[in-house]
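Peer 1: Sharing a structure with you now.
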Amino acid sequence: MNIQPFKPDGIPVPAKPATRSAKPEKETGTEAAPQVSKQEKLAAALAAEPEVRAEEVARGKALAADPGYPSDDLLAKLAGVFVNDSQRAK
């Protein structure tokens with residue numbers, strides 16, 4: 001099964017750091033900027049998100065109230081994915 005990573009909209013994803021060369025770079029300024037780890041950036045992005053996103057709650061309620069969701073076509077495709085994946089696992 002090929003699962004894509006979850007990338008929610010609205011959460012900034014830090015850019016990948018540039019590759020480092022074998023030679024250390026010389027500091028040109030009087031003081032270097034403090035390094036912020038990926039974990040700290042992600043924690044800050046998470047803290048900036050509201051705990052309850054009202055638009056997503058409303059979307060979920062609308063989908064739950066829709067008797068046609070998920071569609072039969074979508075369920076059939078999903079079942080096919082599960083069957084094919086279980087066949088490969090044997």
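Labels used: A, B, ... for chains in the order of the structure tokens, numbers from 1 for residues in each chain, and numbers from 1 for ligands as shown.
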Check the DSSP output for the backbone and give back, as a list of chain:residue names, the residues of range 24-74 of chain A in helix (DSSP H, G or I).
Peer 2: A:Lys38, A:Gln39, A:Glu40, A:Lys41, A:Leu42, A:Ala43, A:Ala44, A:Ala45, A:Leu46, A:Ala47, A:Ala48, A:Ala54, A:Glu55, A:Glu56, A:Val57, A:Ala58, A:Arg59, A:Gly60, A:Lys61, A:Ala62, A:Leu63, A:Ala64, A:Ala65, A:Asp72, A:Asp73, A:Leu74
Peer 1: Using only N, CA, C and O atoms, please write the residues we just selected to a file, as a compact mmCIF listing (two decimals), in the first residue's frame.
Peer 2:
# COMPACT_ATOMS: atom_id res chain seq x y z
N LYS A 38 14.25 21.78 13.24
CA LYS A 38 13.02 21.44 12.54
C LYS A 38 11.89 21.22 13.54
O LYS A 38 10.77 21.63 13.32
N GLN A 39 12.22 20.54 14.63
CA GLN A 39 11.21 20.24 15.63
C GLN A 39 10.64 21.53 16.22
O GLN A 39 9.43 21.64 16.42
N GLU A 40 11.48 22.51 16.48
CA GLU A 40 11.01 23.78 17.02
C GLU A 40 10.13 24.51 16.02
O GLU A 40 9.12 25.11 16.38
N LYS A 41 10.50 24.46 14.73
CA LYS A 41 9.69 25.11 13.69
C LYS A 41 8.32 24.45 13.58
O LYS A 41 7.30 25.12 13.48
N LEU A 42 8.31 23.11 13.60
CA LEU A 42 7.04 22.40 13.51
C LEU A 42 6.17 22.66 14.74
O LEU A 42 4.96 22.82 14.63
N ALA A 43 6.80 22.71 15.91
CA ALA A 43 6.05 22.98 17.13
C ALA A 43 5.44 24.38 17.08
O ALA A 43 4.29 24.59 17.50
N ALA A 44 6.19 25.34 16.55
CA ALA A 44 5.67 26.69 16.43
C ALA A 44 4.52 26.76 15.43
O ALA A 44 3.51 27.43 15.67
N ALA A 45 4.64 26.02 14.32
CA ALA A 45 3.57 25.99 13.32
C ALA A 45 2.32 25.35 13.91
O ALA A 45 1.20 25.81 13.68
N LEU A 46 2.49 24.29 14.69
CA LEU A 46 1.37 23.62 15.32
C LEU A 46 0.71 24.52 16.35
O LEU A 46 -0.51 24.60 16.44
N ALA A 47 1.51 25.24 17.11
CA ALA A 47 0.97 26.15 18.12
C ALA A 47 0.17 27.28 17.48
O ALA A 47 -0.76 27.80 18.09
N ALA A 48 0.54 27.66 16.25
CA ALA A 48 -0.16 28.74 15.57
C ALA A 48 -1.53 28.30 15.02
O ALA A 48 -2.36 29.14 14.73
N ALA A 54 -13.14 25.33 12.81
CA ALA A 54 -14.58 25.36 12.61
C ALA A 54 -14.98 24.94 11.21
O ALA A 54 -15.98 24.22 11.03
N GLU A 55 -14.21 25.35 10.19
CA GLU A 55 -14.58 24.99 8.81
C GLU A 55 -14.47 23.49 8.58
O GLU A 55 -15.27 22.91 7.85
N GLU A 56 -13.51 22.83 9.23
CA GLU A 56 -13.36 21.38 9.07
C GLU A 56 -14.45 20.63 9.85
O GLU A 56 -14.92 19.58 9.41
N VAL A 57 -14.86 21.17 10.99
CA VAL A 57 -15.95 20.57 11.75
C VAL A 57 -17.23 20.64 10.93
O VAL A 57 -17.98 19.66 10.82
N ALA A 58 -17.49 21.81 10.32
CA ALA A 58 -18.69 21.98 9.49
C ALA A 58 -18.65 21.04 8.28
O ALA A 58 -19.66 20.43 7.91
N ARG A 59 -17.48 20.89 7.67
CA ARG A 59 -17.34 19.98 6.52
C ARG A 59 -17.61 18.54 6.93
O ARG A 59 -18.31 17.79 6.24
N GLY A 60 -17.08 18.13 8.08
CA GLY A 60 -17.31 16.78 8.59
C GLY A 60 -18.77 16.51 8.89
O GLY A 60 -19.30 15.45 8.57
N LYS A 61 -19.44 17.50 9.48
CA LYS A 61 -20.87 17.35 9.78
C LYS A 61 -21.68 17.22 8.50
O LYS A 61 -22.61 16.42 8.42
N ALA A 62 -21.32 18.02 7.48
CA ALA A 62 -22.04 17.95 6.21
C ALA A 62 -21.83 16.59 5.55
O ALA A 62 -22.78 16.00 5.01
N LEU A 63 -20.62 16.07 5.58
CA LEU A 63 -20.36 14.76 4.99
C LEU A 63 -21.07 13.65 5.76
O LEU A 63 -21.60 12.71 5.17
N ALA A 64 -21.09 13.76 7.09
CA ALA A 64 -21.75 12.74 7.91
C ALA A 64 -23.26 12.73 7.66
O ALA A 64 -23.90 11.68 7.71
N ALA A 65 -23.83 13.90 7.36
CA ALA A 65 -25.27 13.99 7.12
C ALA A 65 -25.65 13.57 5.70
O ALA A 65 -26.82 13.32 5.42
N ASP A 72 -20.77 4.94 -3.81
CA ASP A 72 -20.55 3.51 -4.05
C ASP A 72 -19.29 3.29 -4.89
O ASP A 72 -18.55 2.33 -4.69
N ASP A 73 -19.05 4.19 -5.85
CA ASP A 73 -17.86 4.10 -6.70
C ASP A 73 -16.59 4.22 -5.86
O ASP A 73 -15.64 3.45 -6.02
N LEU A 74 -16.58 5.19 -4.96
CA LEU A 74 -15.41 5.39 -4.10
C LEU A 74 -15.19 4.17 -3.19
O LEU A 74 -14.06 3.72 -3.02
